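Text of run.csv, listed as CSV, C-alpha atoms:
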chain,number,residue,atom,x,y,z
A,1,MET,CA,0.8,-22.1,-16.1
A,2,ARG,CA,-0.1,-18.5,-17.0
A,3,SER,CA,0.7,-17.0,-13.6
A,4,VAL,CA,3.7,-19.1,-12.6
A,5,ALA,CA,5.8,-17.6,-15.4
A,6,SER,CA,6.0,-14.2,-13.7
A,7,ARG,CA,7.0,-15.6,-10.4
A,8,GLU,CA,10.4,-15.1,-8.7
A,9,PRO,CA,12.8,-18.1,-8.9
A,10,PHE,CA,11.9,-20.8,-6.3
A,11,GLN,CA,15.4,-20.6,-4.9
A,12,ALA,CA,14.7,-17.0,-3.7
A,13,PHE,CA,11.5,-18.2,-2.0
A,14,LEU,CA,13.3,-21.1,-0.4
A,15,ASP,CA,16.1,-18.8,0.9
A,16,GLU,CA,13.6,-16.3,2.3
A,17,HIS,CA,11.4,-18.8,4.2
A,18,ARG,CA,13.7,-21.7,5.1
A,19,ALA,CA,14.7,-20.4,8.6
A,20,PRO,CA,11.2,-19.5,10.0
A,21,VAL,CA,9.8,-22.7,8.5
A,22,LEU,CA,12.4,-24.9,10.3
A,23,ALA,CA,11.9,-22.9,13.5
A,24,PHE,CA,8.2,-23.4,13.4
A,25,LEU,CA,8.5,-27.2,12.6
A,26,ARG,CA,11.0,-27.7,15.4
A,27,ALA,CA,8.5,-26.2,17.8
A,28,MET,CA,5.7,-28.3,16.4
A,29,VAL,CA,7.3,-31.8,16.0
A,30,GLY,CA,10.8,-31.5,17.5
A,31,PRO,CA,14.2,-31.1,15.9
A,32,VAL,CA,14.6,-34.7,14.5
A,33,ASP,CA,11.2,-35.0,12.7
A,34,ALA,CA,11.3,-31.3,11.8
A,35,ASP,CA,13.7,-32.1,9.0
A,36,ASP,CA,11.4,-34.6,7.2
A,37,CYS,CA,8.5,-32.1,7.6
A,38,PHE,CA,10.8,-29.4,6.1
A,39,GLN,CA,11.6,-31.4,3.0
A,40,GLU,CA,7.9,-32.3,2.5
A,41,THR,CA,6.8,-28.7,3.1
A,42,PHE,CA,9.1,-27.2,0.4
A,43,MET,CA,8.4,-30.1,-2.0
A,44,ALA,CA,4.7,-29.4,-1.8
A,45,ALA,CA,5.3,-25.7,-2.1
A,46,LEU,CA,7.4,-26.3,-5.2
A,47,ARG,CA,4.7,-28.5,-6.8
A,48,ASN,CA,2.0,-25.9,-6.1
A,49,TYR,CA,4.1,-22.8,-6.6
A,50,GLU,CA,1.6,-21.4,-9.1
A,51,SER,CA,-1.2,-21.4,-6.5
A,52,LEU,CA,0.7,-18.9,-4.4
A,53,ASP,CA,-0.7,-16.2,-6.6
A,54,GLY,CA,-1.9,-13.2,-4.6
A,55,ALA,CA,-1.3,-14.8,-1.2
A,56,ASN,CA,1.1,-13.7,1.5
A,57,PRO,CA,4.0,-16.0,0.8
A,58,ARG,CA,5.0,-16.4,4.4
A,59,ALA,CA,1.5,-17.3,5.5
A,60,TRP,CA,1.1,-19.6,2.5
A,61,VAL,CA,4.2,-21.7,3.2
A,62,MET,CA,3.3,-21.8,7.0
A,63,THR,CA,-0.1,-23.2,6.1
A,64,ILE,CA,1.7,-26.0,4.2
A,65,ALA,CA,4.2,-26.6,7.1
A,66,ARG,CA,1.3,-26.7,9.6
A,67,ASN,CA,-0.5,-29.4,7.5
A,68,LYS,CA,2.8,-31.4,7.3
A,69,ALA,CA,3.1,-31.2,11.1
A,70,ILE,CA,-0.5,-32.4,11.5
A,71,ASP,CA,0.1,-35.3,9.0
A,72,HIS,CA,3.2,-36.2,11.0
A,73,HIS,CA,1.3,-36.4,14.3
A,74,ARG,CA,-1.4,-38.5,12.7
A,75,ALA,CA,1.1,-40.9,11.1
A,76,ARG,CA,2.9,-41.2,14.5
A,77,ALA,CA,-0.4,-41.9,16.3
A,78,ARG,CA,-1.2,-44.6,13.7
A,79,ARG,CA,2.1,-46.3,14.2
A,80,ALA,CA,1.7,-46.5,17.9
A,81,ILE,CA,0.7,-49.7,19.7
A,82,PRO,CA,-3.0,-49.4,20.6
A,83,ASN,CA,-2.8,-49.8,24.4
A,84,GLU,CA,0.3,-47.8,24.8
A,85,ASP,CA,-0.3,-44.4,26.4
A,86,VAL,CA,-0.2,-42.3,23.2
A,87,PRO,CA,-0.1,-38.6,23.9
A,88,ASP,CA,-2.3,-36.4,21.8
A,89,VAL,CA,0.7,-34.7,20.4
A,90,ALA,CA,4.4,-35.4,20.3
A,91,ALA,CA,6.1,-33.2,22.8
A,92,PRO,CA,8.8,-31.3,20.8
A,93,ALA,CA,12.2,-32.4,22.1
A,94,ARG,CA,14.4,-29.4,22.5
A,95,PRO,CA,17.7,-30.9,23.7
A,96,ASP,CA,19.4,-27.6,23.0
A,97,ARG,CA,17.8,-25.5,25.7
A,98,ASP,CA,14.6,-25.0,27.8
A,99,PRO,CA,13.4,-28.6,27.4
A,100,GLU,CA,10.8,-27.9,30.0
A,101,LEU,CA,9.3,-25.0,28.1
A,102,TRP,CA,9.2,-26.8,24.8
A,103,ALA,CA,7.7,-29.9,26.4
A,104,ALA,CA,5.0,-27.6,27.8
A,105,VAL,CA,4.5,-26.1,24.3
A,106,GLY,CA,4.0,-29.6,23.0
A,107,GLU,CA,1.2,-30.2,25.5
A,108,LEU,CA,-0.8,-27.2,24.5
A,109,PRO,CA,-4.0,-27.7,22.5
A,110,ASP,CA,-3.3,-27.8,18.8
A,111,LYS,CA,-4.5,-24.3,17.9
A,112,GLN,CA,-2.7,-22.7,20.8
A,113,ARG,CA,0.5,-24.6,20.1
A,114,THR,CA,0.4,-23.7,16.4
A,115,ALA,CA,-0.4,-20.1,17.1
A,116,VAL,CA,2.4,-19.8,19.7
A,117,ALA,CA,4.9,-21.5,17.4
A,118,LEU,CA,4.0,-19.3,14.5
A,119,ARG,CA,4.1,-16.1,16.5
A,120,PHE,CA,7.3,-16.6,18.4
A,121,ALA,CA,9.4,-19.5,16.8
A,122,ALA,CA,8.6,-18.4,13.3
A,123,ASP,CA,8.3,-14.7,14.2
A,124,LEU,CA,5.1,-14.1,12.2
A,125,ARG,CA,2.8,-11.1,12.8
A,126,TYR,CA,-0.7,-11.7,14.1
A,127,ARG,CA,-2.1,-11.0,10.6
A,128,GLU,CA,0.1,-13.7,9.2
A,129,VAL,CA,-0.7,-16.2,12.0
A,130,ALA,CA,-4.4,-15.6,11.3
A,131,SER,CA,-3.8,-16.2,7.5
A,132,ALA,CA,-1.7,-19.4,8.1
A,133,MET,CA,-4.4,-20.8,10.4
A,134,ASP,CA,-7.3,-19.5,8.4
A,135,THR,CA,-8.8,-17.7,11.4
A,136,SER,CA,-9.5,-14.1,12.2
A,137,GLU,CA,-6.7,-11.9,13.6
A,138,ALA,CA,-8.7,-11.6,16.9
A,139,ALA,CA,-8.8,-15.4,17.1
A,140,ALA,CA,-5.1,-15.6,16.4
A,141,ARG,CA,-4.4,-13.2,19.3
A,142,ARG,CA,-6.7,-15.2,21.6
A,143,ASN,CA,-4.9,-18.4,20.8
A,144,VAL,CA,-1.5,-16.9,21.4
A,145,HIS,CA,-2.5,-15.2,24.6
A,146,GLU,CA,-4.3,-18.3,26.0
A,147,GLY,CA,-1.3,-20.4,25.0
A,148,LEU,CA,1.1,-18.0,26.8
A,149,ARG,CA,-1.1,-18.0,29.9
A,150,LYS,CA,-1.0,-21.8,30.1
A,151,LEU,CA,2.7,-21.9,29.6
A,152,ARG,CA,3.2,-19.4,32.4
A,153,GLU,CA,1.2,-21.6,34.7
A,154,ARG,CA,3.1,-24.8,33.8
A,155,VAL,CA,6.6,-23.6,33.5
A,156,GLY,CA,6.5,-21.3,36.5
A,157,LYS,CA,8.1,-17.9,37.2
A,158,GLU,CA,11.6,-19.1,38.1
A,159,SER,CA,12.4,-20.5,34.7
A,160,VAL,CA,11.1,-17.7,32.6
A,161,ARG,CA,13.5,-15.1,34.1
B,19,MET,CA,7.0,-8.5,20.7
B,20,ASN,CA,7.4,-7.1,24.1
B,21,PRO,CA,11.1,-7.3,24.8
B,22,GLY,CA,10.5,-7.2,28.6
B,23,ASN,CA,8.6,-10.5,28.6
B,24,GLY,CA,10.8,-13.4,29.5
B,25,LEU,CA,8.6,-16.1,28.3
B,26,GLU,CA,8.1,-14.6,24.8
B,27,ARG,CA,11.8,-14.0,24.6
B,28,LEU,CA,12.6,-17.6,25.5
B,29,LEU,CA,10.1,-18.9,22.9
B,30,ALA,CA,11.8,-16.8,20.2
B,31,ALA,CA,15.3,-17.5,21.5
B,32,GLY,CA,17.2,-20.7,20.7
B,33,ASN,CA,16.1,-20.4,17.2
B,34,GLY,CA,19.6,-20.4,15.9
B,35,VAL,CA,18.3,-22.4,13.1
B,36,GLU,CA,19.9,-20.5,10.2
B,37,ALA,CA,22.8,-23.0,9.7
B,38,ALA,CA,20.5,-26.0,10.0
B,39,ALA,CA,17.9,-24.4,7.7
B,40,ALA,CA,20.6,-23.6,5.1
B,41,GLU,CA,21.7,-27.3,5.2
B,42,ALA,CA,18.1,-28.6,5.0
B,43,ALA,CA,17.4,-26.2,2.1
B,44,ARG,CA,20.5,-27.4,0.3
B,45,ARG,CA,19.4,-31.0,0.5
B,46,PHE,CA,15.9,-30.1,-0.6
B,47,ALA,CA,17.2,-28.3,-3.7
B,48,GLU,CA,19.4,-31.2,-4.7
B,49,GLN,CA,16.5,-33.7,-4.3
B,50,ALA,CA,14.0,-31.4,-6.2
B,51,ALA,CA,16.5,-31.1,-9.1
B,52,LEU,CA,17.2,-34.8,-9.1
B,53,GLU,CA,13.6,-35.9,-9.3
B,54,GLY,CA,12.7,-33.2,-11.7
B,55,THR,CA,10.2,-31.3,-9.6
B,56,ALA,CA,12.4,-28.3,-10.1
B,57,GLU,CA,12.5,-27.8,-13.9
B,58,VAL,CA,15.8,-25.8,-13.8
B,59,ALA,CA,18.9,-26.3,-11.7
B,60,TYR,CA,21.8,-23.9,-11.5
B,61,SER,CA,25.2,-23.5,-10.1
B,62,THR,CA,27.8,-20.8,-9.8
B,63,ILE,CA,31.4,-21.5,-10.9
B,64,ASP,CA,34.5,-19.6,-9.8
B,65,THR,CA,36.7,-18.6,-12.8
B,66,PRO,CA,39.9,-16.5,-13.0
B,67,VAL,CA,37.8,-13.6,-14.3
B,68,GLY,CA,34.8,-13.7,-11.9
B,69,THR,CA,31.9,-15.9,-11.0
B,70,ALA,CA,30.1,-17.6,-13.9
B,71,SER,CA,26.8,-19.5,-13.7
B,72,VAL,CA,25.3,-22.4,-15.5
B,73,ALA,CA,21.7,-23.7,-15.7
B,74,ALA,CA,20.4,-27.0,-16.9
B,75,THR,CA,17.0,-28.7,-17.5
B,76,SER,CA,16.4,-32.5,-17.8
B,77,ARG,CA,17.5,-32.2,-21.5
B,78,GLY,CA,20.8,-30.5,-20.9
B,79,ILE,CA,22.6,-27.2,-20.3
B,80,ILE,CA,20.1,-24.4,-21.2
B,81,SER,CA,22.1,-21.3,-20.3
B,82,VAL,CA,25.5,-20.1,-19.3
B,83,GLY,CA,26.0,-16.8,-17.5
B,84,LEU,CA,29.3,-15.3,-18.3
B,85,PRO,CA,31.6,-14.2,-15.4
B,86,ASN,CA,30.2,-11.3,-13.5
B,87,ARG,CA,26.8,-11.4,-15.2
B,88,ASP,CA,24.2,-10.5,-12.5
B,89,LEU,CA,22.9,-13.8,-11.1
B,90,ASP,CA,19.5,-12.4,-10.2
B,91,GLU,CA,19.0,-11.1,-13.7
B,92,PHE,CA,20.2,-14.5,-15.2
B,93,LEU,CA,17.7,-16.4,-13.0
B,94,ALA,CA,14.9,-13.9,-13.7
B,95,GLY,CA,15.3,-14.5,-17.4
B,96,LEU,CA,15.1,-18.3,-16.9
B,97,ALA,CA,12.1,-17.9,-14.7
B,98,ALA,CA,10.3,-16.0,-17.4
B,99,ALA,CA,11.4,-18.1,-20.3
B,100,ILE,CA,11.3,-21.6,-18.9
B,101,SER,CA,9.9,-21.9,-15.4
B,102,PRO,CA,10.2,-20.3,-12.0
B,103,ARG,CA,10.8,-23.7,-10.5
B,104,ILE,CA,14.5,-23.0,-10.3
B,105,VAL,CA,16.8,-24.3,-7.5
B,106,GLU,CA,20.5,-24.1,-6.9
B,107,ALA,CA,21.7,-27.7,-7.1
B,108,PRO,CA,25.4,-27.9,-7.8
B,109,GLY,CA,25.5,-31.6,-6.9
B,110,THR,CA,23.3,-32.5,-9.9
B,111,MET,CA,25.6,-30.5,-12.2
B,112,ASP,CA,28.9,-32.0,-11.4
B,113,VAL,CA,30.0,-32.8,-15.0
B,114,ALA,CA,29.1,-29.3,-16.4
B,115,ARG,CA,30.9,-27.6,-13.5
B,116,ARG,CA,34.0,-29.7,-13.9
B,117,GLU,CA,34.2,-29.2,-17.7
B,118,LEU,CA,33.7,-25.4,-17.4
B,119,ASP,CA,36.2,-25.3,-14.6
B,120,GLU,CA,38.7,-27.2,-16.7
B,121,TYR,CA,38.1,-24.9,-19.7
B,122,PHE,CA,38.6,-21.7,-17.6
B,123,SER,CA,41.9,-23.1,-16.2
B,124,GLY,CA,43.2,-23.9,-19.7
B,125,GLN,CA,42.8,-27.7,-19.4
B,126,ARG,CA,39.9,-28.4,-21.7
B,127,ARG,CA,39.4,-27.7,-25.4
B,128,THR,CA,36.0,-29.2,-26.1
B,129,PHE,CA,32.8,-29.8,-24.1
B,130,ASP,CA,31.0,-33.1,-23.9
B,131,LEU,CA,27.7,-31.8,-22.5
B,132,PRO,CA,24.1,-32.3,-23.7
B,133,LEU,CA,22.6,-29.0,-24.6
B,134,ASP,CA,19.0,-27.8,-24.4
B,135,TRP,CA,18.5,-25.5,-27.4
B,136,ARG,CA,15.0,-24.2,-26.3
B,137,LEU,CA,16.2,-20.7,-25.7
B,138,VAL,CA,17.6,-20.4,-29.3
B,139,PRO,CA,14.9,-19.4,-31.9
B,140,GLY,CA,14.7,-21.9,-34.8
B,141,GLY,CA,15.6,-21.1,-38.4
B,142,PHE,CA,18.7,-19.0,-39.3
B,143,TYR,CA,19.6,-18.2,-35.6
B,144,ARG,CA,19.8,-21.8,-34.7
B,145,LYS,CA,21.8,-22.6,-37.8
B,146,VAL,CA,24.3,-19.9,-36.9
B,147,LEU,CA,24.7,-21.1,-33.3
B,148,ARG,CA,25.0,-24.8,-34.5
B,149,ALA,CA,27.7,-23.7,-36.9
B,150,THR,CA,29.4,-21.8,-34.1
B,151,ALA,CA,29.3,-24.8,-31.8
B,152,ARG,CA,31.5,-26.6,-34.4
B,153,GLN,CA,34.1,-23.9,-34.4
B,154,PRO,CA,37.3,-25.4,-33.1
B,155,PHE,CA,39.2,-24.4,-30.0
B,156,GLY,CA,41.7,-21.6,-30.7
B,157,VAL,CA,40.5,-20.9,-34.2
B,158,THR,CA,38.6,-17.8,-35.1
B,159,ALA,CA,36.0,-17.3,-37.9
B,160,THR,CA,34.5,-14.1,-39.3
B,161,TYR,CA,30.8,-13.3,-39.1
B,162,GLY,CA,30.6,-13.8,-42.8
B,163,GLU,CA,32.2,-17.2,-42.6
B,164,ILE,CA,29.8,-18.3,-39.9
B,165,ALA,CA,26.8,-16.9,-42.0
B,166,ALA,CA,28.0,-18.9,-44.9
B,167,LYS,CA,28.3,-22.1,-42.9
B,168,ALA,CA,24.7,-21.4,-41.7
B,169,GLY,CA,23.6,-21.3,-45.3
B,170,ASN,CA,23.6,-17.5,-46.2
B,171,ALA,CA,26.9,-15.9,-46.8
B,172,ARG,CA,25.4,-12.5,-47.2
B,173,ALA,CA,23.7,-12.5,-43.8
B,174,HIS,CA,26.7,-11.6,-41.7
B,175,ARG,CA,24.7,-8.9,-39.8
B,176,ALA,CA,22.0,-11.4,-38.9
B,177,ALA,CA,24.7,-13.8,-37.9
B,178,GLY,CA,26.1,-11.1,-35.5
B,179,THR,CA,22.6,-10.6,-34.0
B,180,ALA,CA,22.1,-14.4,-33.5
B,181,LEU,CA,25.5,-14.6,-31.8
B,182,GLY,CA,24.7,-11.6,-29.7
B,183,SER,CA,21.7,-13.4,-28.3
B,184,ASN,CA,23.6,-16.7,-27.6
B,185,PRO,CA,22.2,-18.2,-24.4
B,186,LEU,CA,25.1,-20.7,-24.3
B,187,PRO,CA,28.3,-18.7,-24.4
B,188,ILE,CA,31.5,-20.6,-23.9
B,189,VAL,CA,30.0,-24.0,-24.7
B,190,VAL,CA,28.7,-22.5,-28.0
B,191,PRO,CA,31.9,-20.5,-28.5
B,192,CYS,CA,30.6,-17.2,-30.0
B,193,HIS,CA,33.8,-15.5,-28.8
B,194,ARG,CA,35.6,-17.3,-31.7
B,195,VAL,CA,33.7,-15.3,-34.2
B,196,ILE,CA,35.3,-11.9,-35.0
B,197,ARG,CA,35.2,-9.1,-37.5
B,198,SER,CA,36.7,-9.6,-41.0
B,199,GLY,CA,39.3,-6.8,-40.4
B,200,GLY,CA,40.8,-8.7,-37.5
B,201,GLN,CA,39.1,-6.6,-34.9
B,202,LEU,CA,37.5,-8.8,-32.2
B,203,GLY,CA,34.1,-7.1,-32.3
B,204,ASN,CA,31.3,-7.2,-29.7
B,205,TYR,CA,30.8,-9.7,-26.9
B,206,GLY,CA,28.0,-10.2,-24.3
B,207,GLY,CA,30.6,-10.3,-21.6
B,208,GLY,CA,32.4,-7.3,-22.9
B,209,PRO,CA,35.4,-7.0,-25.3
B,210,GLU,CA,38.0,-7.6,-22.6
B,211,LEU,CA,36.5,-10.9,-21.8
B,212,LYS,CA,36.4,-11.9,-25.5
B,213,LYS,CA,40.1,-11.0,-25.7
B,214,TRP,CA,40.8,-12.9,-22.5
B,215,LEU,CA,39.1,-16.1,-23.8
B,216,LEU,CA,40.9,-15.9,-27.2
B,217,THR,CA,44.2,-15.4,-25.4
B,218,LEU,CA,43.4,-18.4,-23.1
B,219,GLU,CA,42.9,-20.4,-26.3
B,220,GLY,CA,46.1,-19.1,-27.9
B,221,ALA,CA,44.1,-17.5,-30.8
B,222,VAL,CA,45.4,-14.0,-30.2
B,223,GLU,CA,48.7,-12.7,-28.8
B,224,GLU,CA,48.6,-11.4,-25.2
The structure given in the file should be rewritten as C-alpha cells.
Amino acid sequence: MRSVASREPFQAFLDEHRAPVLAFLRAMVGPVDADDCFQETFMAALRNYESLDGANPRAWVMTIARNKAIDHHRARARRAIPNEDVPDVAAPARPDRDPELWAAVGELPDKQRTAVALRFAADLRYREVASAMDTSEAAARRNVHEGLRKLRERVGKESVR
Amino acid sequence: MNPGNGLERLLAAGNGVEAAAAEAARRFAEQAALEGTAEVAYSTIDTPVGTASVAATSRGIISVGLPNRDLDEFLAGLAAAISPRIVEAPGTMDVARRELDEYFSGQRRTFDLPLDWRLVPGGFYRKVLRATARQPFGVTATYGEIAAKAGNARAHRAAGTALGSNPLPIVVPCHRVIRSGGQLGNYGGGPELKKWLLTLEGAVEE
C-alpha cells in the first residue's frame, strides 16, 4: 500500500483512458461485447492500481484490455458447439460504418489485429503498442504494417478512398 | 499517422466513442463504489453559492467540500489520506446528496447521515467536533463554549484550530461557532460563506 497512496484519484485515470480503451475493445470484440470487456478491464485496473507504479499508464491499461479481449474470445470458443464452424476470432461487428473493413480486421492474426487496433482505434504510439503487447518497437511496427498490407489486399482500393 | 492514407484514416475514424465511453465509465464507477472495490465515492452538488462536493466510504460521509472548493485538491487530499481508489458515483450517494440539497435550499435543519470520523484526529480535536455536531440549527456558540463542552473551557484557541481543520463542514456545523464579541470569525469557505450559512439558518440578520 506504500506506493498507492501517492497516486492520482482513479476517477482521473478512468476519465483519461476510457475512450481509447473502448475504441480498442470495439475493434477487438465488437461493440456489444466491448462493453463487458470495458467493465472487466477497469475493475481489474482498479484492483491492481498500485501495480501501475512506474509503468506507462496507457500501455498498462491496454495490456489489461487486451487480456480481457483474449479471455472473451476463449470463453466464446468454449461456449460454441464442437462441430459448428467456429472462427478463430470473433469478427468485430461494426454496424455503424465500414463493416467490411472491420470484418477484415477481425480476421487478421491475433498479433496484427491487436497491433492495428492499438495503433489506430486506440491511437497509441508505436512505443506504447510495443509496451502493451510486450514486444519490441520494431516488432510492433512490423505487426502494424503487415496487418495494414493484408487489410489493403482484402478490402480493396475502392473502399479505402 | 499519415493523413494521406485512406485506410489508416478509416481505421481511426468512426471512433466517435466518447459518449459511449463516458456512459460505460459512469456505470463502471457506480458498480465499483457499490461493491466496495473503490474505497471512496464522491459526488458534486449544486448549491445557491456554488458547487459543493461530498465523499463517502463504506462507513459513511468522510469529507465535505464547501462550495467552490477546488475539486482536484479535495480529491487529492482524499487520495493521500485514505486511498486513490476514488470514483465519482452519485448514484450510491443519493441520501447524502438529497439531504445536503435540502439543507442548502432551506428545507432541512438536521442531517441523518452516518459519518466516517477517520480524518479527524482523536483526543481533544475529536471532542470539539463531536460537540460541534450537536450544536443546533440556527443557534451559535462561542469558541470558548465549544471548548468547555469538549472538556476544557480554557482551550478556546485549540478549539478554533480543531474547527479550522474540520473535514466535515456543514454536517458538522462549525459555521455555528463564532467569536465571543459577536464577530463571526474565520471559516474554511471564507467569512462571506459563514455569514450566508448563518443567514440561511436565521441566526444572523441579513
Distance-based interface of chain A with chain B, 9 Å, counting all atoms listed in the file, as a compact mmCIF listing (two decimals) with C-alpha atoms, in the coordinates of the input:
# COMPACT_ATOMS: atom_id res chain seq x y z
CA VAL A 4 3.70 -19.10 -12.60
CA ALA A 5 5.80 -17.60 -15.40
CA SER A 6 6.00 -14.20 -13.70
CA ARG A 7 7.00 -15.60 -10.40
CA GLU A 8 10.40 -15.10 -8.70
CA PRO A 9 12.80 -18.10 -8.90
CA PHE A 10 11.90 -20.80 -6.30
CA GLN A 11 15.40 -20.60 -4.90
CA ALA A 12 14.70 -17.00 -3.70
CA LEU A 14 13.30 -21.10 -0.40
CA ASP A 15 16.10 -18.80 0.90
CA ARG A 18 13.70 -21.70 5.10
CA ALA A 19 14.70 -20.40 8.60
CA PRO A 20 11.20 -19.50 10.00
CA VAL A 21 9.80 -22.70 8.50
CA LEU A 22 12.40 -24.90 10.30
CA ALA A 23 11.90 -22.90 13.50
CA ASP A 35 13.70 -32.10 9.00
CA PHE A 38 10.80 -29.40 6.10
CA GLN A 39 11.60 -31.40 3.00
CA GLU A 40 7.90 -32.30 2.50
CA PHE A 42 9.10 -27.20 0.40
CA MET A 43 8.40 -30.10 -2.00
CA LEU A 46 7.40 -26.30 -5.20
CA ARG A 47 4.70 -28.50 -6.80
CA TYR A 49 4.10 -22.80 -6.60
CA ASP A 96 19.40 -27.60 23.00
CA ARG A 97 17.80 -25.50 25.70
CA ASP A 98 14.60 -25.00 27.80
CA LEU A 101 9.30 -25.00 28.10
CA TRP A 102 9.20 -26.80 24.80
CA VAL A 116 2.40 -19.80 19.70
CA ALA A 117 4.90 -21.50 17.40
CA ARG A 119 4.10 -16.10 16.50
CA PHE A 120 7.30 -16.60 18.40
CA ALA A 121 9.40 -19.50 16.80
CA ALA A 122 8.60 -18.40 13.30
CA ASP A 123 8.30 -14.70 14.20
CA LEU A 148 1.10 -18.00 26.80
CA LEU A 151 2.70 -21.90 29.60
CA ARG A 152 3.20 -19.40 32.40
CA SER A 159 12.40 -20.50 34.70
CA VAL A 160 11.10 -17.70 32.60
CA ARG A 161 13.50 -15.10 34.10
Contacts of Val138 of chain B within 12 Å, all atoms listed in the file, excl. fewer than 4 positions in-chain, as a ChimeraX atom specification: /B:80-81,99,133-134,142-148,179-187,190
Point-to-point distance from atom CA of Ala149 of chain B to atom CA of Phe122 of chain B, Å rounded to tenths: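 Going from atom CA of Ala149 of chain B over to atom CA of Phe122 of chain B, I get 22.3 Å.
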One-decimal distance in Å that lies between atom CA of Gly54 of chain A and atom CA of Leu118 of chain A: 20.9 Å
Residues near His193 of chain B, cut-off 9 Å, all atoms listed in the file, skip fewer than 2 positions along chain, as a ChimeraX atom specification: /B:158,181,187-188,190-191,195-196,202,204-205,211-213,215-216
I need the residues from that last selection saved to file as a PDB file, in the coordinates of the input (with C-alpha atoms), if you can.
ATOM      1  CA  THR B 158      38.600 -17.800 -35.100  1.00  0.00           C
ATOM      2  CA  LEU B 181      25.500 -14.600 -31.800  1.00  0.00           C
ATOM      3  CA  PRO B 187      28.300 -18.700 -24.400  1.00  0.00           C
ATOM      4  CA  ILE B 188      31.500 -20.600 -23.900  1.00  0.00           C
ATOM      5  CA  VAL B 190      28.700 -22.500 -28.000  1.00  0.00           C
ATOM      6  CA  PRO B 191      31.900 -20.500 -28.500  1.00  0.00           C
ATOM      7  CA  VAL B 195      33.700 -15.300 -34.200  1.00  0.00           C
ATOM      8  CA  ILE B 196      35.300 -11.900 -35.000  1.00  0.00           C
ATOM      9  CA  LEU B 202      37.500  -8.800 -32.200  1.00  0.00           C
ATOM     10  CA  ASN B 204      31.300  -7.200 -29.700  1.00  0.00           C
ATOM     11  CA  TYR B 205      30.800  -9.700 -26.900  1.00  0.00           C
ATOM     12  CA  LEU B 211      36.500 -10.900 -21.800  1.00  0.00           C
ATOM     13  CA  LYS B 212      36.400 -11.900 -25.500  1.00  0.00           C
ATOM     14  CA  LYS B 213      40.100 -11.000 -25.700  1.00  0.00           C
ATOM     15  CA  LEU B 215      39.100 -16.100 -23.800  1.00  0.00           C
ATOM     16  CA  LEU B 216      40.900 -15.900 -27.200  1.00  0.00           C
TER      17      LEU B 216
END
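Atom CA of Thr62 of chain B lies 29.7 Å from atom CA of Met62 of chain A.
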Neighbour list for Arg126 of chain B as a list of chain:residue names, cut-off 12 Å, only C-alpha atoms, skip fewer than 2 positions in-chain: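 These residues fall inside the cut-off: B:Arg116, B:Glu117, B:Leu118, B:Asp119, B:Glu120, B:Tyr121, B:Phe122, B:Ser123, B:Gly124, B:Thr128, B:Phe129, B:Asp130, B:Phe155, B:Gly156, B:Ile188, B:Val189, B:Leu218, B:Glu219.
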Once you have the residues from the selection above, write them out as a short mmCIF file (atom, residue, chain, number, x, y, z; two decimals), in the frame of the given file, restricted to C-alpha atoms.
data_model
loop_
_atom_site.label_atom_id
_atom_site.label_comp_id
_atom_site.auth_asym_id
_atom_site.auth_seq_id
_atom_site.Cartn_x
_atom_site.Cartn_y
_atom_site.Cartn_z
CA ARG B 116 34.00 -29.70 -13.90
CA GLU B 117 34.20 -29.20 -17.70
CA LEU B 118 33.70 -25.40 -17.40
CA ASP B 119 36.20 -25.30 -14.60
CA GLU B 120 38.70 -27.20 -16.70
CA TYR B 121 38.10 -24.90 -19.70
CA PHE B 122 38.60 -21.70 -17.60
CA SER B 123 41.90 -23.10 -16.20
CA GLY B 124 43.20 -23.90 -19.70
CA THR B 128 36.00 -29.20 -26.10
CA PHE B 129 32.80 -29.80 -24.10
CA ASP B 130 31.00 -33.10 -23.90
CA PHE B 155 39.20 -24.40 -30.00
CA GLY B 156 41.70 -21.60 -30.70
CA ILE B 188 31.50 -20.60 -23.90
CA VAL B 189 30.00 -24.00 -24.70
CA LEU B 218 43.40 -18.40 -23.10
CA GLU B 219 42.90 -20.40 -26.30
#
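You can rank A:Ala132, A:Cys37, A:Ala103, A:Met28 by their closest distance to Ala55 of chain A using only C-alpha atoms, and at the top of that list sits A:Ala132.
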Filtering to C-alpha atoms, could segment 16-43 of chain A of the supplied structure be written out as an mmCIF file, in the first residue's frame?
data_model
loop_
_atom_site.group_PDB
_atom_site.id
_atom_site.type_symbol
_atom_site.label_atom_id
_atom_site.label_comp_id
_atom_site.auth_asym_id
_atom_site.auth_seq_id
_atom_site.Cartn_x
_atom_site.Cartn_y
_atom_site.Cartn_z
ATOM 1 C CA GLU A 16 -8.250 9.816 -19.310
ATOM 2 C CA HIS A 17 -8.311 6.275 -20.714
ATOM 3 C CA ARG A 18 -11.981 5.387 -21.121
ATOM 4 C CA ALA A 19 -12.340 6.438 -24.784
ATOM 5 C CA PRO A 20 -9.213 4.735 -26.227
ATOM 6 C CA VAL A 21 -9.938 1.588 -24.201
ATOM 7 C CA LEU A 22 -13.481 1.392 -25.567
ATOM 8 C CA ALA A 23 -12.288 2.118 -29.115
ATOM 9 C CA PHE A 24 -9.682 -0.632 -28.839
ATOM 10 C CA LEU A 25 -12.148 -3.164 -27.416
ATOM 11 C CA ARG A 26 -14.722 -2.379 -30.096
ATOM 12 C CA ALA A 27 -12.104 -3.147 -32.715
ATOM 13 C CA MET A 28 -11.167 -6.364 -30.918
ATOM 14 C CA VAL A 29 -14.514 -7.877 -29.926
ATOM 15 C CA GLY A 30 -17.244 -5.720 -31.500
ATOM 16 C CA PRO A 31 -19.442 -3.022 -29.956
ATOM 17 C CA VAL A 32 -21.778 -5.285 -27.965
ATOM 18 C CA ASP A 33 -19.181 -7.363 -26.127
ATOM 19 C CA ALA A 34 -16.804 -4.400 -25.869
ATOM 20 C CA ASP A 35 -18.892 -3.032 -23.017
ATOM 21 C CA ASP A 36 -18.491 -6.150 -20.844
ATOM 22 C CA CYS A 37 -14.756 -6.191 -21.568
ATOM 23 C CA PHE A 38 -14.607 -2.470 -20.683
ATOM 24 C CA GLN A 39 -16.185 -3.095 -17.280
ATOM 25 C CA GLU A 40 -13.840 -6.018 -16.587
ATOM 26 C CA THR A 41 -10.801 -4.052 -17.756
ATOM 27 C CA PHE A 42 -11.347 -1.106 -15.423
ATOM 28 C CA MET A 43 -12.376 -3.323 -12.492
#
